[in-house]
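Data block below; observations after.
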There are 2 protein chains.
Amino acid sequence: MLTYSFDHIGKMPLYEYLYRCIRKDIEAGRLQVGEKLPSKRALARQLGISTITVEGAYGQLTAEGYCRSLPKRGFYVTEAARVIQREAAQGARAGEQAVLAREAEPPQEDEAPAYFVDFAEGGVNAENFPFTTWTKLLRQVVAEEADALIERSPGFGAIPLRQAIAAHLAHFRGLVVRPEQIVIGAGTEYLYSLLVQFFGRDKRFCVENPGYGRIRKIYESCGACCLRADLDEAGVWPAELCAEQAQILHISPSHHFPTGIIMPISRRYELLGWAAAAPDRYIIEDDYDSEFRLTGRPIPTLMGIDVEGRVIYMNTFSKSLTPTIRISYLVLPEALVGPFTRRLGFYSCTVSNFEQYTLARFIESGAFEKHINRMRTLYRKRREKLLSLLRRSRFARNMEIVEHGSGLHFLVRFHRAGSDASVVSRLAAQGIHMRSLSSYYAASSPEEREKASDMQHLFVLDYSSVEESRMPEAVRRIERLWERP
Amino acid sequence: MLTYSFDHIGKMPLYEYLYRCIRKDIEAGRLQVGEKLPSKRALARQLGISTITVEGAYGQLTAEGYCRSLPKRGFYVTEAARVIQREAAQGARAGEQAVLAREAEPPQEDEAPAYFVDFAEGGVNAENFPFTTWTKLLRQVVAEEADALIERSPGFGAIPLRQAIAAHLAHFRGLVVRPEQIVIGAGTEYLYSLLVQFFGRDKRFCVENPGYGRIRKIYESCGACCLRADLDEAGVWPAELCAEQAQILHISPSHHFPTGIIMPISRRYELLGWAAAAPDRYIIEDDYDSEFRLTGRPIPTLMGIDVEGRVIYMNTFSKSLTPTIRISYLVLPEALVGPFTRRLGFYSCTVSNFEQYTLARFIESGAFEKHINRMRTLYRKRREKLLSLLRRSRFARNMEIVEHGSGLHFLVRFHRAGSDASVVSRLAAQGIHMRSLSSYYAASSPEEREKASDMQHLFVLDYSSVEESRMPEAVRRIERLWERP
């Protein structure tokens, strides 16, 4: 019998706490492979919680492969869970485990997905990835450039890919750079770590607050001090950067995540002015989803209007292609190419030649442009469908949509739906993953906590992975936030 | 007219210094695209050096695409050089450069390769990479697991690949681990940076001296203090580690690079004893070419005989497959899995799903084992051929071969061939790339400098990328070291 205390739950949603308790029991071997979990109703009654909460926890366990649901029979601990059972592993005799590992089944496809829809984690649906073109180009590369594939690329990336990206940037972003200014890396996270090594751990980095918590985490894990700058409606303010003695500022002026702010040109020049005012100030311009500006005219990059060489531009193919091909790049201002090469040129490139050469052809052949256009149309339809469903919803008067017409997410304010934590957990229990704006805001001082309370009731909707066919049902589930129990 | 002073050449080989001077002139635009370089003979006469030195420099420039050789006409600065001309780039009008980049020609295939043979840089020849199997498996993966390819993998790598590696390690190395202990990363260099983040920059890392200079460079670039431990005939000595207060020791006990030392079991236990004697001591076991032990019985891994959980095992597919598919992994001792996950679990995996899933199938299907066996046969033949050519060479009495029957390189001592620097530069001028053992040794104290002088006249021969057909000519060129001028 599963008995858990909810005394130490803290701020975690109830369903997530329950999921963690059960997972711990599976990992520790207290729940054995093949063992049946109690029915949702029974466990809910026993713990004095709602069946929806239990459903949320079981859904998560199923999605992660710890258990599986057999129709009309209930939930069982899977074989797959066995390989992650520490007790089992430690007790097993030598040799048996490799066999176990082989036998372990991945989660079955007929199991329920983690969430019915996920507005928190963007992503690409498999049916939208251009597999046919990609594999065709890869075969071409293998047939025509086998030698190049096996020969080590320069540390900053294969020349054909850097040439293709330079041409792409000139065409799509009006950003004219030499291929030699481009550094290819296995994901932006890896490139952040190079930037810390380059600028030095003694520099004061600064990120936007709210923002992707991970960026700060990486700078700090790499040993740099990382400040957080609050935003007004135009983004980060130079005055605060000066007050905090920030040196390396990391921002997304084209489309801030999660607020959606598009930094106006005046603020851009102010920030360039801030950077130019001292010799060791630089701006890292993270242009992560600029390909998907869906309305209005494109805004020039910070790097494009910078004449002082203080902006490092960064972008990724995670949004425009798929996050599971790990290719990102940064563009160095001309004057930093030499110092960067001298300091970090000894590193090997982290991206496979096979994918660098394939991507180079994908861009050169025009397939990338075609793909972006197709995805832009798809995303525009998704955005419009979702916006229209929300506007026509039964509780539309309780929803206020905050959108700036850019990128792959927007904000929505829910009135009279309860606290952020309760909205998130009630939605999760229904299979809807959504994060509140406040959860992206790190508040440590009293002023920051006050600011955080201003952000209440705002939620981030990233619709990039949400299929249109699921949207009506998703909105129906959201409507339940206002239904009487 | 090219005029260079050799006053500040330092310890650099003459040909390399000359190559750098000319490259600088090309990059700075002092030598223009299409410009003809002076003939080898003319430049040699003008600078008072040998034509062989000029040949070495021109060869390097050609290999890197800065110039090309037209039969019977001489050497010309290429179009490709244009994209790396800083002056040209800065002067060009907006928009023109992306076009330039597109037009830039890569080095032509009919140009001479960088070296006739390269004993310094190991590698894989394109004809030995299993392209057909690899692309077949990739197509299978795309056809059967498209969803998995597009869905984010766990941060430490896709489960199927970690399972396949666990089974492989059990089978080939007798190392029994759970897939959850394995962390996949885009190359060992990236994994080193994770280890610094995990253990902390306040720890005293220690590498072998002589050794791969790059390992120390990376630890230091990531902010850790990195000591160097001298070796005796069995490897690093525990007493020195204690004296230096080392904490995290990075070694290759199976086959040390470059000395070829295979650490005897007694020293292994001594080092495990050293690690167990204090709570914060760990050993990183770098098993980079263990698949290619060509003679004798395999030696168990340090991790396999460690009962205290103080060894992190590392390996790579760079040697066994190709360095241009960037996949390496580390295996954590059971007790570090939790702390490692808590500290670094937020990172995204740096390897593309496409290649993780393809490699998983490559291993599972037995193709990897087959490939290793094929390569082992090939390398054994290469090794034997090269050894036999050296032993039968006209100057065999001046060569002493030092080999331990393991891995992809061995040492050779050249008697009466001159200083290490002169041997290296004379060989380079003939298209033979070879590094001296002493060049892998970092000497800063007088004792170390004395030790370095003991290493004189020893050279490292990595034959993994040297085709058999070129070996007779390579040995003929080596023989010229002893010919009268």
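Following the order of the structure tokens, chains are lettered A, B, ..., residues in each are numbered from 1, and ligands are numbered from 1.
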Counting only C-alpha atoms, chain B residues within 6 Å of chain A, as a PyMOL selection string: chain B and resi 98+101+126+147+150+152+163+166-167+186+324-326+350+352-353
Find the spatial neighbours of Ile22 (chain A), counting only C-alpha atoms, within a cut-off of 9 Å - ignore same-chain residues fewer than 3 positions away - and output them as a PyMOL selection string. chain A and resi 2+4+17-19+25-27+31+57-58+61
Which neighbours of region 441-456 of chain A fall inside 10 Å, counting only C-alpha atoms, when residues of the same chain fewer than 5 positions from it are skipped, and could you give them as a PyMOL selection string? chain A and resi 208-213+228+230+258+413-415+418-421+436
Now that the selection is made, can you save its residues with N, CA, C and O atoms as an mmCIF file, in the first residue's frame?
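Once written, part.cif looks like this:
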```
data_model
loop_
_atom_site.group_PDB
_atom_site.id
_atom_site.type_symbol
_atom_site.label_atom_id
_atom_site.label_comp_id
_atom_site.auth_asym_id
_atom_site.auth_seq_id
_atom_site.Cartn_x
_atom_site.Cartn_y
_atom_site.Cartn_z
ATOM 1 N N GLU A 208 18.571 38.393 -18.652
ATOM 2 C CA GLU A 208 17.277 39.041 -18.460
ATOM 3 C C GLU A 208 16.452 38.302 -17.407
ATOM 4 O O GLU A 208 16.481 37.081 -17.330
ATOM 5 N N ASN A 209 15.670 39.075 -16.638
ATOM 6 C CA ASN A 209 14.797 38.501 -15.631
ATOM 7 C C ASN A 209 13.413 39.114 -15.792
ATOM 8 O O ASN A 209 13.283 40.318 -15.605
ATOM 9 N N PRO A 210 12.375 38.347 -16.178
ATOM 10 C CA PRO A 210 12.373 36.897 -16.376
ATOM 11 C C PRO A 210 13.143 36.478 -17.627
ATOM 12 O O PRO A 210 13.421 37.305 -18.482
ATOM 13 N N GLY A 211 13.440 35.173 -17.704
ATOM 14 C CA GLY A 211 14.164 34.642 -18.856
ATOM 15 C C GLY A 211 14.341 33.143 -18.703
ATOM 16 O O GLY A 211 13.834 32.542 -17.763
ATOM 17 N N TYR A 212 15.043 32.562 -19.656
ATOM 18 C CA TYR A 212 15.397 31.141 -19.567
ATOM 19 C C TYR A 212 16.349 30.950 -18.386
ATOM 20 O O TYR A 212 17.500 31.421 -18.434
ATOM 21 N N GLY A 213 15.918 30.267 -17.343
ATOM 22 C CA GLY A 213 16.757 30.105 -16.160
ATOM 23 C C GLY A 213 18.063 29.396 -16.472
ATOM 24 O O GLY A 213 19.081 29.587 -15.813
ATOM 25 N N ARG A 228 21.130 39.364 -12.762
ATOM 26 C CA ARG A 228 19.853 39.344 -13.479
ATOM 27 C C ARG A 228 19.356 40.766 -13.577
ATOM 28 O O ARG A 228 19.321 41.482 -12.576
ATOM 29 N N ASP A 230 16.212 43.300 -14.404
ATOM 30 C CA ASP A 230 14.772 43.409 -14.619
ATOM 31 C C ASP A 230 14.488 44.110 -15.943
ATOM 32 O O ASP A 230 15.357 44.780 -16.500
ATOM 33 N N PRO A 258 10.341 34.962 -21.685
ATOM 34 C CA PRO A 258 8.988 34.632 -22.132
ATOM 35 C C PRO A 258 8.059 35.820 -22.363
ATOM 36 O O PRO A 258 6.934 35.621 -22.798
ATOM 37 N N ARG A 413 -3.427 36.197 -19.970
ATOM 38 C CA ARG A 413 -3.711 36.461 -18.556
ATOM 39 C C ARG A 413 -5.051 35.812 -18.210
ATOM 40 O O ARG A 413 -6.030 36.011 -18.931
ATOM 41 N N PHE A 414 -5.070 35.010 -17.170
ATOM 42 C CA PHE A 414 -6.313 34.380 -16.714
ATOM 43 C C PHE A 414 -6.827 35.146 -15.489
ATOM 44 O O PHE A 414 -6.143 35.203 -14.465
ATOM 45 N N HIS A 415 -8.015 35.715 -15.607
ATOM 46 C CA HIS A 415 -8.614 36.386 -14.449
ATOM 47 C C HIS A 415 -9.479 35.412 -13.665
ATOM 48 O O HIS A 415 -10.151 34.567 -14.258
ATOM 49 N N GLY A 418 -7.651 31.624 -9.980
ATOM 50 C CA GLY A 418 -6.888 31.121 -8.831
ATOM 51 C C GLY A 418 -5.414 31.455 -8.954
ATOM 52 O O GLY A 418 -5.004 32.150 -9.893
ATOM 53 N N SER A 419 -4.641 30.975 -8.003
ATOM 54 C CA SER A 419 -3.200 31.277 -7.981
ATOM 55 C C SER A 419 -2.505 30.600 -9.158
ATOM 56 O O SER A 419 -3.003 29.624 -9.717
ATOM 57 N N ASP A 420 -1.330 31.114 -9.506
ATOM 58 C CA ASP A 420 -0.562 30.527 -10.609
ATOM 59 C C ASP A 420 -0.316 29.042 -10.358
ATOM 60 O O ASP A 420 -0.482 28.202 -11.251
ATOM 61 N N ALA A 421 0.098 28.712 -9.128
ATOM 62 C CA ALA A 421 0.426 27.317 -8.825
ATOM 63 C C ALA A 421 -0.804 26.432 -9.004
ATOM 64 O O ALA A 421 -0.713 25.326 -9.555
ATOM 65 N N SER A 436 3.669 29.433 -15.751
ATOM 66 C CA SER A 436 3.315 30.825 -15.495
ATOM 67 C C SER A 436 4.515 31.702 -15.805
ATOM 68 O O SER A 436 5.666 31.261 -15.728
#
```
Could you please determine the separation between CA of Ala234 (chain A) and CA of Thr259 (chain A) in Å, to one decimal place? 10.5 Å
Give me the residues near Arg382 (chain B) as a PyMOL selection string, where near means some atom within 10 Å (using only C-alpha atoms) and where sequence neighbours in that chain fewer than 3 positions away do not count. chain B and resi 376-379+385-388+408+463-469+471
